[in-house]
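Let me begin by presenting the structure, written as structure tokens, before commenting on it.
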Amino acid sequence: MPTVTYDPILELRELPRLRVFTPIAAPRLGTSLVLEPEEGPPLVIAAGDRVPEARLGKYHRSYLIDLGNYALSLEERVPSADPSFQFTATVSFTCRVHNPTEIAKRRVRDMTGSLRLQMARLMRQAAREYDISEFNQAEAAINAHLEKFTGDSAVYLGGYLVELHAGGAVEQSSAEFHDTSRAIRMDRMRREPMADVVRGGRDEMYAQWLAKRGGDPSQLLEFEATARADEAELMLRTMKALEPSEGAEPFAFREERKKLTARLLGEPTEDRPKKRKSRLTGSLAPASDPAAEEQTRSRSDRLEADEPVNRVRGLGQAPGRTDPDA
């Protein structure tokens with residue numbers, strides 16, 4: 001976009017000392033007249049006001065100032081966070097004269113040119129924080145910085161619109177960068193729904209398969225049958241490799257053969273082997289109940305108190321019999 005500007009001084013006149021037949025006319029609507037005397041501050045005449053001493057006043061110069069609101073634009077190259085890359089910023093904004101005296105004093109004839117330095121300083125300060133991939137963030141930051149700049153005592157600025165684009169030697173690399181970023185985003189968009197399908201398990205993957213093929217499960221069933229046949233063939237080969245040779249079959253081989261056979265026949269298998277009883281534990285007497293032992297001991301004590309015990313045989317004396325030695 002080319003630079004758009006305007007000249008706020010519509011007319012600059014050198015006034016003669018005697019103006020009897022050519023008096024100074026009052027400014028028209030939308031303009032302001034600034035009269036510059038030989039000494040002292042300038043005099044500002046608004047539209048419709050009477051000009052004092054229009055024929056004999058000691059004014060030697062007059063400025064007709066445009067007070068209209070204009071849409072302007074400028075283009076500026078600003079740095080980025082990457083030293084090898086620069087943004088090209090196009091700024092559109094509105095401008096109107098706020099103080100005609102300052103415009104006349106500065107002799108401003110190019111409004112956009114008079115504002116370029118201040119606006120470029122603000123844009124460069126904001127843009128250098130962002131990389132080539134951060135066009136949107138850089139535009140927002142420049143807008144935010146420019147919104148704070150409403151002009152100076154002479155003009156009022158507003159309505160900023162910033163557009164950034166790559167130019168010069170980096171235009172091709174910028175296009176490649178954005179193409180790569182777009183491809184990465186597209187891959188992520190395709191991958192995330194598939195991740196949800198995988199996390200959903202077997203049923204979710206089956207549903208995805210059927211949804212993609214109009215609900216026809218024939219190909220899926222064919223794949224499953226082929227996979228089961230391949231698995232059965234592999235298990236048969238493994239069982240054949242584990243067959244015992246002329247010597248004794250190792251215990252581990254026997255257990256694996258049982259598992260493979262059960263899996264091939266569709267029978268449930270035990271993941272953990274049963275614990276074998278210890279021979280030592282099986283040979284020991286079971287632990288006795290302390291309460292039962294105490295009851296037995298009490299009964300034995302009562303028998304010893306009631307009946308004499310034969311010390312030879314360790315048996316109690318039968319009733320009705322006497323000791324022959326007595």
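All residue names refer to the structure tokens as shown: chains lettered A, B, ... in order, residues numbered from 1 in each chain, ligands numbered from 1 in order.
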
For the structure I just gave you, how does DSSP split stretch 1-217 of chain A - specifically, which residues are strand (DSSP E)? Reply as a PyMOL selection string.
chain A and resi 9-14+31-37+43-46+59-66+70-79+86-97+155-166

May I have the residues within 9 Å of A:Phe149 as a ChimeraX atom specification, using only C-alpha atoms and disregarding those fewer than 6 positions away in the same chain?
/A:118-119,122,157-158

Atom CA of A:Leu234 to atom CA of A:Leu221: how many Å, to one decimal?
20.0 Å

One decimal, Å: what's the distance from atom CA of A:Tyr6 over to atom CA of A:Gln86, could you say?
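According to the coordinates, atom CA of A:Tyr6 and atom CA of A:Gln86 are separated by 28.1 Å.
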
Pick out the residues sitting within 6 Å of stretch 108-111 of chain A, and hand them over as a JSON list (two decimals) with C-alpha atoms, in the first residue's frame; count only C-alpha atoms, and ignore anything fewer than 3 positions along from it in its own chain.
[["chain", "number", "residue", "atom", "x", "y", "z"],
["A", 5, "THR", "CA", -0.65, 11.91, 3.20],
["A", 6, "TYR", "CA", -2.00, 15.44, 2.81],
["A", 7, "ASP", "CA", -0.93, 19.06, 3.18],
["A", 103, "ILE", "CA", 0.95, 23.59, 12.19],
["A", 114, "SER", "CA", 5.89, 14.58, 10.03]]

So that I can check the secondary structure, give me every residue of stretch 4-161 of chain A assigned alpha helix (DSSP H) by backbone DSSP, as an mmCIF file with N, CA, C and O atoms, in the first residue's frame.
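And here's result.cif as it stands now:
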data_model
loop_
_atom_site.group_PDB
_atom_site.id
_atom_site.type_symbol
_atom_site.label_atom_id
_atom_site.label_comp_id
_atom_site.auth_asym_id
_atom_site.auth_seq_id
_atom_site.Cartn_x
_atom_site.Cartn_y
_atom_site.Cartn_z
ATOM 1 N N PRO A 100 -4.051 24.642 15.114
ATOM 2 C CA PRO A 100 -3.578 25.271 13.864
ATOM 3 C C PRO A 100 -2.322 26.114 14.039
ATOM 4 O O PRO A 100 -1.502 26.221 13.117
ATOM 5 N N THR A 101 -2.157 26.704 15.215
ATOM 6 C CA THR A 101 -0.981 27.538 15.440
ATOM 7 C C THR A 101 0.303 26.734 15.316
ATOM 8 O O THR A 101 1.299 27.196 14.725
ATOM 9 N N GLU A 102 0.328 25.525 15.882
ATOM 10 C CA GLU A 102 1.511 24.675 15.800
ATOM 11 C C GLU A 102 1.791 24.256 14.366
ATOM 12 O O GLU A 102 2.958 24.175 13.952
ATOM 13 N N ILE A 103 0.756 23.972 13.597
ATOM 14 C CA ILE A 103 0.947 23.590 12.194
ATOM 15 C C ILE A 103 1.587 24.743 11.427
ATOM 16 O O ILE A 103 2.514 24.561 10.620
ATOM 17 N N ALA A 104 1.083 25.947 11.706
ATOM 18 C CA ALA A 104 1.659 27.114 11.026
ATOM 19 C C ALA A 104 3.086 27.378 11.489
ATOM 20 O O ALA A 104 3.962 27.732 10.690
ATOM 21 N N LYS A 105 3.321 27.208 12.760
ATOM 22 C CA LYS A 105 4.668 27.471 13.298
ATOM 23 C C LYS A 105 5.691 26.485 12.742
ATOM 24 O O LYS A 105 6.829 26.877 12.426
ATOM 25 N N ARG A 106 5.284 25.203 12.593
ATOM 26 C CA ARG A 106 6.202 24.172 12.095
ATOM 27 C C ARG A 106 6.266 24.138 10.564
ATOM 28 O O ARG A 106 7.123 23.459 9.994
ATOM 29 N N MET A 111 1.795 15.722 6.209
ATOM 30 C CA MET A 111 1.351 15.284 7.527
ATOM 31 C C MET A 111 1.902 13.905 7.887
ATOM 32 O O MET A 111 2.410 13.704 8.997
ATOM 33 N N THR A 112 1.816 12.932 6.980
ATOM 34 C CA THR A 112 2.315 11.582 7.282
ATOM 35 C C THR A 112 3.817 11.604 7.513
ATOM 36 O O THR A 112 4.323 10.927 8.411
ATOM 37 N N GLY A 113 4.532 12.363 6.712
ATOM 38 C CA GLY A 113 5.978 12.457 6.890
ATOM 39 C C GLY A 113 6.357 13.039 8.232
ATOM 40 O O GLY A 113 7.370 12.645 8.834
ATOM 41 N N SER A 114 5.577 13.978 8.736
ATOM 42 C CA SER A 114 5.891 14.581 10.026
ATOM 43 C C SER A 114 5.639 13.622 11.188
ATOM 44 O O SER A 114 6.196 13.805 12.270
ATOM 45 N N LEU A 115 4.796 12.596 10.974
ATOM 46 C CA LEU A 115 4.475 11.633 12.033
ATOM 47 C C LEU A 115 5.280 10.341 11.939
ATOM 48 O O LEU A 115 5.255 9.526 12.861
ATOM 49 N N ARG A 116 5.968 10.120 10.825
ATOM 50 C CA ARG A 116 6.626 8.834 10.573
ATOM 51 C C ARG A 116 7.640 8.478 11.664
ATOM 52 O O ARG A 116 7.695 7.336 12.123
ATOM 53 N N LEU A 117 8.464 9.413 12.069
ATOM 54 C CA LEU A 117 9.534 9.108 13.013
ATOM 55 C C LEU A 117 8.982 8.594 14.340
ATOM 56 O O LEU A 117 9.441 7.578 14.874
ATOM 57 N N GLN A 118 7.987 9.268 14.887
ATOM 58 C CA GLN A 118 7.432 8.847 16.175
ATOM 59 C C GLN A 118 6.719 7.502 16.068
ATOM 60 O O GLN A 118 6.867 6.637 16.936
ATOM 61 N N MET A 119 5.963 7.305 14.997
ATOM 62 C CA MET A 119 5.236 6.056 14.833
ATOM 63 C C MET A 119 6.185 4.892 14.561
ATOM 64 O O MET A 119 5.986 3.779 15.055
ATOM 65 N N ALA A 120 7.231 5.115 13.793
ATOM 66 C CA ALA A 120 8.200 4.058 13.515
ATOM 67 C C ALA A 120 8.917 3.622 14.790
ATOM 68 O O ALA A 120 9.188 2.434 15.001
ATOM 69 N N ARG A 121 9.213 4.568 15.660
ATOM 70 C CA ARG A 121 9.873 4.228 16.925
ATOM 71 C C ARG A 121 8.983 3.320 17.774
ATOM 72 O O ARG A 121 9.453 2.329 18.347
ATOM 73 N N LEU A 122 7.705 3.604 17.839
ATOM 74 C CA LEU A 122 6.775 2.773 18.612
ATOM 75 C C LEU A 122 6.618 1.384 17.994
ATOM 76 O O LEU A 122 6.582 0.378 18.704
ATOM 77 N N MET A 123 6.526 1.320 16.666
ATOM 78 C CA MET A 123 6.354 0.027 16.000
ATOM 79 C C MET A 123 7.583 -0.858 16.156
ATOM 80 O O MET A 123 7.473 -2.060 16.381
ATOM 81 N N ARG A 124 8.762 -0.286 16.035
ATOM 82 C CA ARG A 124 9.992 -1.066 16.180
ATOM 83 C C ARG A 124 10.133 -1.596 17.610
ATOM 84 O O ARG A 124 10.588 -2.713 17.829
ATOM 85 N N GLN A 125 9.758 -0.791 18.571
ATOM 86 C CA GLN A 125 9.838 -1.217 19.969
ATOM 87 C C GLN A 125 8.930 -2.417 20.236
ATOM 88 O O GLN A 125 9.288 -3.324 20.994
ATOM 89 N N ALA A 126 7.758 -2.456 19.600
ATOM 90 C CA ALA A 126 6.818 -3.562 19.827
ATOM 91 C C ALA A 126 7.172 -4.801 19.012
ATOM 92 O O ALA A 126 7.069 -5.922 19.497
ATOM 93 N N ALA A 127 7.603 -4.628 17.762
ATOM 94 C CA ALA A 127 7.779 -5.760 16.851
ATOM 95 C C ALA A 127 9.002 -6.596 17.173
ATOM 96 O O ALA A 127 9.018 -7.801 16.885
ATOM 97 N N PHE A 135 2.970 -13.553 13.595
ATOM 98 C CA PHE A 135 2.414 -12.383 12.916
ATOM 99 C C PHE A 135 1.243 -11.796 13.703
ATOM 100 O O PHE A 135 1.156 -10.582 13.895
ATOM 101 N N ASN A 136 0.327 -12.646 14.108
ATOM 102 C CA ASN A 136 -0.875 -12.147 14.793
ATOM 103 C C ASN A 136 -0.522 -11.439 16.101
ATOM 104 O O ASN A 136 -1.064 -10.367 16.409
ATOM 105 N N GLN A 137 0.366 -12.062 16.887
ATOM 106 C CA GLN A 137 0.762 -11.439 18.148
ATOM 107 C C GLN A 137 1.493 -10.115 17.919
ATOM 108 O O GLN A 137 1.317 -9.150 18.667
ATOM 109 N N ALA A 138 2.332 -10.066 16.859
ATOM 110 C CA ALA A 138 3.065 -8.835 16.566
ATOM 111 C C ALA A 138 2.108 -7.717 16.141
ATOM 112 O O ALA A 138 2.259 -6.560 16.562
ATOM 113 N N GLU A 139 1.114 -8.053 15.324
ATOM 114 C CA GLU A 139 0.132 -7.043 14.912
ATOM 115 C C GLU A 139 -0.621 -6.483 16.114
ATOM 116 O O GLU A 139 -0.813 -5.268 16.234
ATOM 117 N N ALA A 140 -1.046 -7.396 17.014
ATOM 118 C CA ALA A 140 -1.774 -6.933 18.205
ATOM 119 C C ALA A 140 -0.897 -6.050 19.085
ATOM 120 O O ALA A 140 -1.367 -5.039 19.634
ATOM 121 N N ALA A 141 0.372 -6.418 19.223
ATOM 122 C CA ALA A 141 1.268 -5.621 20.064
ATOM 123 C C ALA A 141 1.507 -4.234 19.470
ATOM 124 O O ALA A 141 1.529 -3.222 20.181
ATOM 125 N N ILE A 142 1.690 -4.170 18.145
ATOM 126 C CA ILE A 142 1.910 -2.863 17.507
ATOM 127 C C ILE A 142 0.669 -1.993 17.641
ATOM 128 O O ILE A 142 0.750 -0.785 17.921
ATOM 129 N N ASN A 143 -0.504 -2.609 17.439
ATOM 130 C CA ASN A 143 -1.746 -1.854 17.619
ATOM 131 C C ASN A 143 -1.856 -1.288 19.030
ATOM 132 O O ASN A 143 -2.256 -0.135 19.227
ATOM 133 N N ALA A 144 -1.517 -2.139 20.022
ATOM 134 C CA ALA A 144 -1.610 -1.697 21.416
ATOM 135 C C ALA A 144 -0.664 -0.535 21.692
ATOM 136 O O ALA A 144 -1.009 0.409 22.422
ATOM 137 N N HIS A 145 0.534 -0.585 21.109
ATOM 138 C CA HIS A 145 1.487 0.506 21.320
ATOM 139 C C HIS A 145 1.016 1.790 20.629
ATOM 140 O O HIS A 145 1.136 2.890 21.197
ATOM 141 N N LEU A 146 0.495 1.663 19.428
ATOM 142 C CA LEU A 146 0.076 2.855 18.698
ATOM 143 C C LEU A 146 -1.176 3.502 19.299
ATOM 144 O O LEU A 146 -1.348 4.721 19.197
ATOM 145 N N GLU A 147 -2.039 2.687 19.899
ATOM 146 C CA GLU A 147 -3.248 3.254 20.506
ATOM 147 C C GLU A 147 -2.907 4.245 21.615
ATOM 148 O O GLU A 147 -3.686 5.165 21.906
#

Do you have the atom CA of A:Gly57-atom CA of A:Leu43 distance handy?
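Taking atom CA of A:Gly57 and atom CA of A:Leu43, their separation equals 11.4 Å.
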
Applying 6 Å and only C-alpha atoms, which residues near stretch 21-34 of chain A remain after dropping the ones on its own chain fewer than 2 positions away? List them as a list in words.
Arg19, Leu43, Val44, Ile45, Ala46, Ala47, Ala54, Arg55, Ser62, Tyr63, Leu64, Ile65, Asp66 and Leu67 of chain A

Output of the above residues as a PDB file, in the first residue's frame, restricted to N, CA, C and O atoms:
ATOM      1  N   ARG A  19      -4.143  47.044   2.888  1.00  0.00           N
ATOM      2  CA  ARG A  19      -5.065  46.099   2.246  1.00  0.00           C
ATOM      3  C   ARG A  19      -6.460  46.735   2.138  1.00  0.00           C
ATOM      4  O   ARG A  19      -7.480  46.135   2.472  1.00  0.00           O
ATOM      5  N   LEU A  43      -2.373  35.031  15.670  1.00  0.00           N
ATOM      6  CA  LEU A  43      -3.789  35.148  15.960  1.00  0.00           C
ATOM      7  C   LEU A  43      -4.546  34.107  15.148  1.00  0.00           C
ATOM      8  O   LEU A  43      -4.345  33.986  13.935  1.00  0.00           O
ATOM      9  N   VAL A  44      -5.451  33.370  15.822  1.00  0.00           N
ATOM     10  CA  VAL A  44      -6.215  32.316  15.167  1.00  0.00           C
ATOM     11  C   VAL A  44      -7.643  32.777  14.982  1.00  0.00           C
ATOM     12  O   VAL A  44      -8.305  33.207  15.946  1.00  0.00           O
ATOM     13  N   ILE A  45      -8.132  32.686  13.745  1.00  0.00           N
ATOM     14  CA  ILE A  45      -9.492  33.080  13.402  1.00  0.00           C
ATOM     15  C   ILE A  45     -10.263  31.822  13.006  1.00  0.00           C
ATOM     16  O   ILE A  45      -9.875  31.116  12.060  1.00  0.00           O
ATOM     17  N   ALA A  46     -11.341  31.538  13.729  1.00  0.00           N
ATOM     18  CA  ALA A  46     -12.175  30.377  13.408  1.00  0.00           C
ATOM     19  C   ALA A  46     -13.159  30.728  12.303  1.00  0.00           C
ATOM     20  O   ALA A  46     -13.375  31.910  11.969  1.00  0.00           O
ATOM     21  N   ALA A  47     -13.773  29.684  11.732  1.00  0.00           N
ATOM     22  CA  ALA A  47     -14.726  29.882  10.636  1.00  0.00           C
ATOM     23  C   ALA A  47     -15.924  30.681  11.132  1.00  0.00           C
ATOM     24  O   ALA A  47     -16.496  30.399  12.180  1.00  0.00           O
ATOM     25  N   ALA A  54      -8.782  43.879   9.439  1.00  0.00           N
ATOM     26  CA  ALA A  54      -8.586  43.137   8.204  1.00  0.00           C
ATOM     27  C   ALA A  54      -7.924  43.977   7.127  1.00  0.00           C
ATOM     28  O   ALA A  54      -7.242  43.433   6.235  1.00  0.00           O
ATOM     29  N   ARG A  55      -8.057  45.350   7.175  1.00  0.00           N
ATOM     30  CA  ARG A  55      -7.509  46.195   6.122  1.00  0.00           C
ATOM     31  C   ARG A  55      -6.198  46.873   6.524  1.00  0.00           C
ATOM     32  O   ARG A  55      -5.329  47.096   5.694  1.00  0.00           O
ATOM     33  N   SER A  62      -0.281  34.929   6.417  1.00  0.00           N
ATOM     34  CA  SER A  62      -1.485  34.203   6.847  1.00  0.00           C
ATOM     35  C   SER A  62      -1.404  32.735   6.389  1.00  0.00           C
ATOM     36  O   SER A  62      -0.841  32.436   5.316  1.00  0.00           O
ATOM     37  N   TYR A  63      -2.005  31.864   7.231  1.00  0.00           N
ATOM     38  CA  TYR A  63      -2.038  30.424   6.930  1.00  0.00           C
ATOM     39  C   TYR A  63      -3.495  29.956   7.010  1.00  0.00           C
ATOM     40  O   TYR A  63      -4.160  30.150   8.037  1.00  0.00           O
ATOM     41  N   LEU A  64      -3.956  29.340   5.961  1.00  0.00           N
ATOM     42  CA  LEU A  64      -5.287  28.742   5.963  1.00  0.00           C
ATOM     43  C   LEU A  64      -5.111  27.248   6.258  1.00  0.00           C
ATOM     44  O   LEU A  64      -4.570  26.504   5.422  1.00  0.00           O
ATOM     45  N   ILE A  65      -5.553  26.801   7.407  1.00  0.00           N
ATOM     46  CA  ILE A  65      -5.289  25.443   7.901  1.00  0.00           C
ATOM     47  C   ILE A  65      -6.531  24.569   7.703  1.00  0.00           C
ATOM     48  O   ILE A  65      -7.647  24.971   8.052  1.00  0.00           O
ATOM     49  N   ASP A  66      -6.308  23.380   7.182  1.00  0.00           N
ATOM     50  CA  ASP A  66      -7.382  22.397   6.976  1.00  0.00           C
ATOM     51  C   ASP A  66      -7.639  21.666   8.297  1.00  0.00           C
ATOM     52  O   ASP A  66      -6.721  21.056   8.875  1.00  0.00           O
ATOM     53  N   LEU A  67      -8.882  21.687   8.769  1.00  0.00           N
ATOM     54  CA  LEU A  67      -9.239  21.024  10.026  1.00  0.00           C
ATOM     55  C   LEU A  67      -9.989  19.711   9.798  1.00  0.00           C
ATOM     56  O   LEU A  67     -10.523  19.133  10.743  1.00  0.00           O
TER      57      LEU A  67
END
